[in-house]
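Source file: data-v5.txt (compact mmCIF, C-alpha atoms)
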# COMPACT_ATOMS: atom_id res chain seq x y z
CA ALA A 1 0.00 0.00 0.00
CA THR A 2 1.28 3.45 -0.90
CA ALA A 3 -0.01 6.93 -0.04
CA ASP A 4 1.74 9.66 -2.05
CA LEU A 5 0.95 13.32 -1.32
CA THR A 6 2.17 16.49 -3.02
CA PRO A 7 1.15 19.62 -1.07
CA SER A 8 -0.40 22.51 -2.97
CA ALA A 9 2.17 24.53 -4.90
CA GLY A 10 0.22 27.66 -4.04
CA GLY A 11 0.21 27.08 -0.31
CA VAL A 12 -3.01 27.58 1.66
CA SER A 13 -5.04 30.70 2.16
CA GLY A 14 -8.41 31.98 3.31
CA GLY A 15 -10.67 29.31 4.76
CA LEU A 16 -8.15 26.62 3.83
CA ALA A 17 -5.65 28.11 6.29
CA THR A 18 -7.49 26.23 9.02
CA ILE A 19 -6.84 22.90 7.32
CA GLY A 20 -4.14 22.19 9.90
CA ALA A 21 -2.06 19.69 7.93
CA ASN A 22 -1.52 17.77 4.74
CA VAL A 23 -2.09 14.11 5.69
CA ALA A 24 -1.04 10.89 3.94
CA VAL A 25 -1.93 7.54 5.53
CA SER A 26 -1.00 4.11 4.20
CA ASN A 27 -2.59 1.15 5.97
CA ALA A 28 -1.72 -2.36 4.79
CA ASP A 29 -3.18 -5.51 6.37
CA SER A 30 -1.97 -8.82 4.98
CA THR A 31 -2.69 -12.46 5.94
CA ALA A 32 -1.23 -15.51 4.20
CA LYS A 33 -1.33 -19.19 5.15
CA ALA A 34 -0.10 -22.38 3.51
CA ALA A 35 -1.08 -25.61 5.25
CA ILE A 36 -1.58 -29.34 4.98
CA THR A 37 -4.05 -30.53 7.58
CA GLY A 38 -6.11 -33.58 8.43
CA SER A 39 -5.69 -37.16 9.63
CA GLY A 40 -4.62 -38.81 6.38
CA THR A 41 -1.32 -40.22 5.10
CA ILE A 42 0.99 -38.77 2.45
CA THR A 43 3.58 -40.97 0.74
CA ALA A 44 6.02 -39.06 -1.49
CA ASN A 45 9.65 -38.22 -2.19
CA THR A 46 9.31 -34.65 -0.93
CA VAL A 47 6.64 -32.66 0.89
CA THR A 48 6.98 -28.88 1.03
CA VAL A 49 4.69 -26.41 2.76
CA LYS A 50 5.82 -22.87 2.03
CA ALA A 51 4.39 -19.44 2.80
CA ASP A 52 6.41 -16.70 1.12
CA GLY A 53 5.03 -13.23 1.76
CA THR A 54 5.87 -9.62 0.98
CA ALA A 55 3.93 -6.81 2.64
CA THR A 56 4.79 -3.12 2.44
CA SER A 57 3.27 0.16 3.56
CA ASN A 58 4.68 3.46 2.29
CA ALA A 59 3.48 6.98 3.01
CA LEU A 60 5.30 9.98 1.61
CA THR A 61 5.10 13.64 0.75
CA GLN A 62 6.66 15.15 -2.34
CA THR A 63 8.31 18.56 -2.49
CA PRO A 64 5.95 20.83 -4.48
CA SER A 65 7.19 23.02 -7.31
CA LEU A 66 7.00 26.40 -5.59
CA SER A 67 8.28 29.66 -7.00
CA ALA A 68 6.79 32.49 -4.93
CA ASN A 69 7.92 33.79 -1.56
CA GLY A 70 5.66 34.51 1.40
CA LEU A 71 3.39 31.50 0.96
CA LYS A 72 1.48 30.02 3.85
CA ILE A 73 2.13 26.29 4.12
CA ALA A 74 0.45 23.57 6.14
CA ALA A 75 2.37 21.02 8.18
CA ASN A 76 2.73 17.51 6.79
CA VAL A 77 1.66 14.31 8.54
CA VAL A 78 2.59 10.94 7.01
CA VAL A 79 1.65 7.62 8.57
CA ALA A 80 2.59 4.13 7.36
CA LEU A 81 0.90 1.20 9.14
CA LEU A 82 1.59 -2.46 8.43
CA ASP A 83 0.02 -5.57 9.94
CA ALA A 84 1.20 -8.80 8.34
CA SER A 85 0.73 -12.48 9.19
CA ASN A 86 2.47 -15.28 7.29
CA VAL A 87 2.06 -18.92 8.34
CA ALA A 88 3.13 -22.32 7.02
CA GLN A 89 1.80 -25.39 8.85
CA LEU A 90 1.75 -29.19 8.70
CA ASN A 91 -0.99 -30.40 11.00
CA GLY A 92 -2.25 -33.85 11.96
CA VAL A 93 -1.15 -35.84 8.92
CA THR A 94 1.32 -38.72 8.63
CA VAL A 95 4.06 -38.36 6.03
CA LYS A 96 5.97 -41.42 4.81
CA ASP A 97 9.27 -41.72 2.90
CA ALA A 98 9.49 -37.98 2.17
CA ALA A 99 11.91 -35.18 2.88
CA VAL A 100 9.71 -32.62 4.62
CA THR A 101 10.13 -28.84 4.56
CA VAL A 102 7.86 -26.40 6.35
CA GLU A 103 9.02 -22.88 5.50
CA ALA A 104 7.69 -19.37 6.20
CA ASN A 105 9.37 -16.27 4.77
CA LEU A 106 8.05 -12.76 5.37
CA ASN A 107 9.65 -9.61 3.98
CA ASP A 108 13.05 -11.30 3.83
CA GLY A 109 14.20 -9.09 0.94
CA ASP A 110 15.41 -5.50 0.91
CA GLY A 111 13.30 -2.33 1.13
CA GLU A 112 10.24 -4.03 2.61
CA GLY A 113 8.24 -3.04 5.68
CA ALA A 114 6.71 0.28 6.83
CA LYS A 115 8.23 3.58 5.69
CA ALA A 116 7.01 7.15 6.14
CA THR A 117 8.86 9.93 4.32
CA LEU A 118 8.83 13.67 4.84
CA SER A 119 10.12 15.87 2.02
CA SER A 120 10.78 19.59 2.06
CA ALA A 121 7.67 21.75 2.10
CA TYR A 122 9.16 24.49 -0.10
CA GLY A 123 12.18 25.29 -2.23
CA VAL A 124 15.69 26.23 -1.10
CA SER A 125 15.52 29.89 -2.07
CA MET A 126 11.99 30.57 -0.79
CA SER A 127 10.49 31.90 2.39
CA ALA A 128 7.20 30.74 3.88
CA SER A 129 5.08 30.79 6.99
CA LEU A 130 3.38 27.91 8.74
CA VAL A 131 -0.34 27.67 9.46
CA GLY A 132 -2.34 25.02 11.31
CA LEU A 133 -0.34 22.37 13.17
CA ASP A 134 3.13 23.33 14.38
CA SER A 135 4.82 19.98 13.75
CA ASN A 136 5.67 17.88 10.71
CA THR A 137 5.17 14.25 11.66
CA ALA A 138 6.17 10.89 10.20
CA VAL A 139 5.03 7.64 11.83
CA ALA A 140 5.92 4.10 10.73
CA LYS A 141 4.53 1.06 12.56
CA ASN A 142 5.11 -2.57 11.65
CA ASN A 143 3.45 -5.53 13.38
CA SER A 144 4.55 -8.82 11.82
CA HIS A 145 3.86 -12.48 12.60
CA ASN A 146 5.80 -15.22 10.84
CA GLU A 147 5.38 -18.88 11.73
CA ALA A 148 6.49 -22.26 10.45
CA SER A 149 5.09 -25.09 12.53
CA MET A 150 4.19 -28.75 12.78
CA ASN A 151 1.39 -29.79 15.11
CA LYS A 152 0.65 -33.45 15.92
CA ALA A 153 2.08 -34.51 12.56
CA SER A 154 4.17 -37.68 12.15
CA VAL A 155 7.05 -38.05 9.71
CA LEU A 156 8.34 -41.57 9.01
CA ALA A 157 11.29 -41.22 6.66
CA PRO A 158 14.48 -42.62 8.23
CA SER A 159 16.70 -41.58 5.30
CA LYS A 160 15.27 -38.09 4.77
CA ALA A 161 15.62 -34.66 6.41
CA LEU A 162 12.98 -32.67 8.26
CA GLU A 163 13.25 -28.87 8.21
CA VAL A 164 11.02 -26.28 9.88
CA THR A 165 12.29 -22.73 9.25
CA SER A 166 11.00 -19.21 9.79
CA THR A 167 12.75 -16.20 8.22
CA ALA A 168 11.38 -12.67 8.54
CA LYS A 169 12.02 -8.96 8.91
CA SER A 170 10.01 -6.29 10.71
CA ILE A 171 11.27 -2.89 9.59
CA ALA A 172 9.83 0.53 10.49
CA ILE A 173 11.55 3.69 9.27
CA PRO A 174 10.13 7.21 9.26
CA TYR A 175 12.61 9.68 7.85
CA VAL A 176 13.34 13.01 6.29
CA GLN A 177 14.24 12.27 2.69
CA MET A 178 18.02 12.10 2.39
CA ASP A 179 18.13 14.38 -0.66
CA ASN A 180 16.61 17.03 1.56
CA VAL A 181 18.89 16.36 4.52
CA SER A 182 21.98 16.84 2.35
CA ILE A 183 20.94 20.44 1.65
CA GLY A 184 18.68 21.03 4.63
CA TYR A 185 15.11 20.19 5.52
CA TYR A 186 13.24 23.18 4.08
CA SER A 187 10.12 23.35 6.15
CA MET A 188 8.90 25.03 9.32
CA GLY A 189 7.84 23.92 12.78
CA LEU A 190 8.82 20.91 14.83
CA THR A 191 9.84 17.60 13.30
CA VAL A 192 8.42 14.47 14.94
CA LEU A 193 9.46 10.99 13.82
CA LYS A 194 8.16 7.79 15.42
CA ALA A 195 9.14 4.24 14.48
CA GLU A 196 7.77 1.03 15.95
CA ALA A 197 8.82 -2.44 14.76
CA ASN A 198 7.13 -5.37 16.46
CA GLY A 199 7.05 -9.04 15.61
CA THR A 200 6.50 -12.64 16.65
CA PHE A 201 8.69 -15.18 14.87
CA TYR A 202 8.17 -18.90 15.43
CA ALA A 203 9.61 -22.19 14.19
CA LEU A 204 8.00 -24.97 16.21
CA ILE A 205 7.36 -28.70 16.24
CA ASP A 206 4.67 -29.97 18.62
CA THR A 207 5.12 -33.73 18.86
CA THR A 208 2.03 -34.37 20.93
CA GLY A 209 0.51 -37.66 19.77
CA ALA A 210 3.05 -37.94 16.95
CA LYS A 211 6.20 -39.87 16.03
CA ILE A 212 9.08 -38.53 14.00
CA ASN A 213 11.74 -40.88 12.57
CA VAL A 214 14.07 -39.13 10.12
CA ALA A 215 17.74 -38.70 9.19
CA SER A 216 18.01 -35.19 10.65
CA VAL A 217 15.90 -32.40 12.15
CA ASP A 218 16.51 -28.67 11.68
CA VAL A 219 14.25 -26.18 13.48
CA LYS A 220 15.27 -22.56 13.02
CA THR A 221 13.90 -19.04 13.32
CA ASP A 222 15.97 -16.21 11.85
CA TYR A 223 14.69 -12.64 12.04
CA THR A 224 15.53 -8.97 11.93
CA ALA A 225 13.54 -6.24 13.67
CA LYS A 226 14.62 -2.65 13.12
CA ALA A 227 13.15 0.71 14.09
CA GLU A 228 15.05 3.80 13.04
CA ALA A 229 14.04 7.43 13.55
CA MET A 230 16.32 10.37 12.74
CA THR A 231 14.71 13.74 13.32
CA ALA A 232 15.92 16.86 11.52
CA PRO A 233 15.48 20.53 12.43
CA ALA A 234 13.47 22.55 9.93
CA VAL A 235 15.68 25.14 8.23
CA GLY A 236 12.73 27.55 8.31
CA GLY A 237 12.74 27.37 12.10
CA VAL A 238 9.81 27.47 14.50
CA VAL A 239 7.57 30.27 15.67
CA GLU A 240 8.39 30.89 19.30
CA THR A 241 4.87 31.91 20.24
CA SER A 242 3.46 28.66 18.84
CA LEU A 243 5.49 26.45 21.16
CA ALA A 244 4.51 25.36 24.61
CA ALA A 245 7.20 25.02 27.24
CA GLY A 246 9.05 21.78 26.66
CA ASP A 247 8.18 21.40 22.95
CA VAL A 248 10.98 19.65 21.07
CA ASN A 249 11.85 17.87 17.86
CA VAL A 250 11.22 14.19 18.52
CA ALA A 251 12.79 10.94 17.35
CA LEU A 252 11.31 7.80 18.91
CA ALA A 253 12.32 4.27 17.92
CA LYS A 254 10.77 1.21 19.59
CA VAL A 255 11.25 -2.50 18.95
CA GLY A 256 9.25 -5.30 20.57
CA THR A 257 9.80 -8.94 19.56
CA GLU A 258 9.24 -12.51 20.65
CA ALA A 259 11.01 -15.35 18.86
CA LYS A 260 10.81 -19.10 19.43
CA ALA A 261 12.47 -22.14 17.91
CA GLY A 262 11.59 -25.35 19.61
CA ILE A 263 10.49 -28.96 19.84
CA GLN A 264 7.80 -29.64 22.41
CA GLY A 265 5.02 -32.05 23.32
CA ASN A 266 4.92 -35.66 24.58
CA GLY A 267 5.95 -37.38 21.35
CA THR A 268 9.19 -38.96 20.17
CA VAL A 269 11.80 -37.70 17.73
CA ILE A 270 14.32 -40.21 16.35
CA ALA A 271 17.15 -39.03 14.10
CA SER A 272 20.08 -41.07 12.82
CA GLY A 273 21.95 -37.77 12.45
CA ALA A 274 21.66 -34.43 14.24
CA VAL A 275 18.79 -32.55 15.80
CA ASP A 276 19.46 -28.81 15.61
CA VAL A 277 17.28 -26.11 17.18
CA ALA A 278 18.31 -22.49 16.71
CA ALA A 279 16.89 -19.01 17.29
CA GLU A 280 18.98 -16.27 15.70
CA GLY A 281 17.83 -12.67 15.80
CA THR A 282 18.84 -9.09 15.27
CA ALA A 283 16.75 -6.45 17.04
CA THR A 284 17.80 -2.79 16.97
CA ALA A 285 16.20 0.52 17.86
CA GLU A 286 18.03 3.69 16.84
CA ALA A 287 16.99 7.28 17.35
CA GLY A 288 18.99 10.38 16.56
CA VAL A 289 19.34 13.69 14.74
CA ALA A 290 20.12 13.83 11.04
CA THR A 291 22.93 16.23 10.14
CA ALA A 292 22.35 18.63 7.25
CA ASN A 293 24.98 20.28 5.08
CA VAL A 294 23.51 23.78 5.13
CA ALA A 295 23.89 27.09 6.93
CA ILE A 296 21.26 27.71 9.60
CA SER A 297 21.04 31.29 10.82
CA GLY A 298 18.60 33.87 12.05
CA VAL A 299 15.85 31.42 13.01
CA ASN A 300 14.40 29.88 16.14
CA ILE A 301 15.02 26.16 16.48
CA ALA A 302 13.75 23.63 18.97
CA ALA A 303 15.74 21.27 21.14
CA ASN A 304 15.78 17.55 20.34
CA ALA A 305 14.53 14.58 22.34
CA VAL A 306 15.61 11.19 21.02
CA THR A 307 14.51 7.91 22.57
CA ALA A 308 15.30 4.29 21.70
CA GLU A 309 13.53 1.39 23.37
CA LEU A 310 14.26 -2.29 22.82
CA LYS A 311 12.25 -5.18 24.24
CA ALA A 312 13.19 -8.59 22.87
CA LYS A 313 12.50 -12.12 24.06
CA GLN A 314 14.08 -15.09 22.34
CA TYR A 315 13.93 -18.81 23.13
CA ALA A 316 15.45 -21.96 21.66
CA PHE A 317 14.30 -25.10 23.43
CA ILE A 318 13.44 -28.77 23.61
CA GLU A 319 10.66 -29.29 26.10
CA ASP A 320 9.01 -32.55 27.24
CA ALA A 321 9.60 -34.41 23.95
CA THR A 322 11.70 -37.60 23.84
CA ILE A 323 14.75 -37.18 21.58
CA GLU A 324 16.97 -39.99 20.23
CA ALA A 325 19.70 -38.63 17.97
CA ALA A 326 23.40 -38.83 17.11
CA ALA A 327 23.81 -35.21 18.23
CA VAL A 328 21.59 -32.51 19.69
CA THR A 329 22.23 -28.76 19.54
CA VAL A 330 20.07 -26.01 21.04
CA LEU A 331 21.28 -22.48 20.26
CA SER A 332 19.92 -18.98 20.90
CA GLU A 333 21.83 -15.94 19.64
CA LEU A 334 20.50 -12.39 19.85
CA ASN A 335 22.39 -9.46 18.31
CA LYS A 336 25.50 -11.59 18.01
CA GLY A 337 28.61 -9.45 17.54
CA ARG A 338 26.65 -6.19 17.77
CA THR A 339 26.68 -3.35 20.30
CA ASP A 340 23.78 -1.34 18.90
CA GLY A 341 20.68 -2.92 20.39
CA ALA A 342 19.24 0.40 21.59
CA VAL A 343 20.97 3.61 20.52
CA ALA A 344 19.89 7.21 21.15
CA LYS A 345 22.42 9.65 19.82
CA LEU A 346 22.67 13.42 19.66
CA GLY A 347 24.94 15.10 17.15
CA PRO A 348 25.39 18.36 15.24
CA VAL A 349 22.32 19.54 13.35
CA THR A 350 24.47 20.88 10.52
CA THR A 351 27.97 20.79 9.10
CA GLY A 352 27.49 24.34 7.79
CA SER A 353 27.55 27.63 9.69
CA PHE A 354 25.14 27.78 12.60
CA SER A 355 23.57 30.76 14.35
CA ALA A 356 20.11 30.21 15.78
CA THR A 357 18.04 30.76 18.89
CA LEU A 358 16.83 27.82 20.97
CA VAL A 359 13.17 28.04 21.97
CA GLY A 360 10.77 25.71 23.75
CA ALA A 361 12.71 23.22 25.87
CA ASP A 362 16.25 24.33 26.69
CA THR A 363 17.87 20.88 26.86
CA ASN A 364 18.61 18.18 24.30
CA ILE A 365 17.79 14.73 25.63
CA ALA A 366 18.91 11.26 24.56
CA HIS A 367 17.50 8.17 26.29
CA ALA A 368 18.04 4.50 25.43
CA THR A 369 16.75 1.41 27.21
CA ALA A 370 17.16 -2.28 26.40
CA ASP A 371 15.28 -5.18 27.96
CA ALA A 372 16.40 -8.28 26.09
CA ILE A 373 16.63 -11.96 26.97
CA SER A 374 17.98 -14.91 25.02
CA HIS A 375 17.46 -18.43 26.38
CA ALA A 376 18.50 -21.88 25.19
CA TYR A 377 17.33 -24.92 27.14

Any chance you could give the structure as structure tokens?
Amino acid sequence: ATADLTPSAGGVSGGLATIGANVAVSNADSTAKAAITGSGTITANTVTVKADGTATSNALTQTPSLSANGLKIAANVVVALLDASNVAQLNGVTVKDAAVTVEANLNDGDGEGAKATLSSAYGVSMSASLVGLDSNTAVAKNNSHNEASMNKASVLAPSKALEVTSTAKSIAIPYVQMDNVSIGYYSMGLTVLKAEANGTFYALIDTTGAKINVASVDVKTDYTAKAEAMTAPAVGGVVETSLAAGDVNVALAKVGTEAKAGIQGNGTVIASGAVDVAAEGTATAEAGVATANVAISGVNIAANAVTAELKAKQYAFIEDATIEAAAVTVLSELNKGRTDGAVAKLGPVTTGSFSATLVGADTNIAHATADAISHAY
């Protein structure tokens, strides 16, 4: 889903001056499921259950072709919402003599997820005044569920492999378009960016009432969750009288995930080779201030408040099931080799000359919290 808005090139005037904001909202809701269910028997060389999904939500504003000075412009609000569910299941059946793959992939490519983009509201050489709302806002929210699972299904194939894998990304990025940041974000008012990337990612075998006799078993969930928000001060500044005490430019990035890879239930798993269970995840929340390459002078600017919040739970496990195998590995790795789980960073607003007056709140604030657990048992 895409919402693409170009504000009026003539600005707003008269009765339209009370419009408050130009608004673009993209709302995508996607559900996909691939399943084999029932109480029957399948005899084959291979059995594959695969759900492969792509879901995107994009909201953006374009920079209008403006030529006159002194226009009144409205603030921009762009919102990208994404709710996606992608499930592959093998339920109840008995499979004989077949290599079995249950696979769920959601947004595992590049450039997928929820994105909200703010562009400049007017041209580099222009001047303008703001009416209506006093903040330009971009919000991106992604709620994703990706699951590959077997439930009460038996697999009797002593020379074949059994694989249950879940691969997914939950990405949420609101941003000021980089072409604009490189010369300056030509707008007015506060800049508010909010990113929220949530997800549940499961690869599970429930052996209850079932028997599995195969050459090897691989149960794996692999995911990435990323929320990134980089606010940018408007080169046109803010109107001091329009700000309440404490008003600031905002960058908020939040990530909330739960991931599971496991074998559970009261059944039996026999493998002549290895049984491998792995949960591998990357979860990052980053908030900061984008740096422009432009001179900022003679305007009022607001302070910045940047916040990054990470909440991640990850489990790899074998629980209750009876396992007979040549080797058993249970592994859980979260943000392996990384130090950027939750990052809130303040930096220079420009690499050019800078002379401006701070209004609203008088302090820049950066706050990062991480609440993450990774268990293997």

Would you mind listing what lies within 7 Å of A:Lys169 as a list in words, with only C-alpha atoms counted and same-chain residues fewer than 6 positions away left out?
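That gives Leu106, Asn107, Asp108, Tyr223, Thr224 and Ala225 of chain A.
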
Test item: which residues lie within 9 Å of (4.2, -5.0, 23.2) counting only C-alpha atoms, as a list in words
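So the residues meeting the distance criterion are Asn198, Val255, Gly256, Thr257 and Lys311 of chain A.
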
Compare A:Ala278, A:Ala312, A:Asn58, A:Asp371 by their minimum atom-to-atom distance to A:Val330, counting all atoms listed in the file, and give me the closest one.
A:Ala278

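Note that the spacing between atom CA of A:His145 and atom CA of A:Glu196 amounts to 14.5 Å.
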
Neighbouring residues of A:Asn249 were defined as those with any atom within 8 Å, considering only C-alpha atoms; residues of the same chain fewer than 3 positions away were excluded. Please report them as a CSV table (one decimal) with C-alpha atoms, in the coordinates of the input.
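Final output, saved to out20.csv:
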chain,number,residue,atom,x,y,z
A,190,LEU,CA,8.8,20.9,14.8
A,191,THR,CA,9.8,17.6,13.3
A,192,VAL,CA,8.4,14.5,14.9
A,231,THR,CA,14.7,13.7,13.3
A,232,ALA,CA,15.9,16.9,11.5
A,233,PRO,CA,15.5,20.5,12.4
A,302,ALA,CA,13.8,23.6,19.0
A,303,ALA,CA,15.7,21.3,21.1
A,304,ASN,CA,15.8,17.6,20.3
A,305,ALA,CA,14.5,14.6,22.3

For A:Thr307, the closest of A:Gln177, A:Thr207, A:Lys194, A:Tyr377 counting all atoms listed in the file is A:Lys194

Just to confirm, what's the straight-line distance from atom CA of A:Asn76 to atom CA of A:Lys115 in Å (one decimal)?
15.0 Å
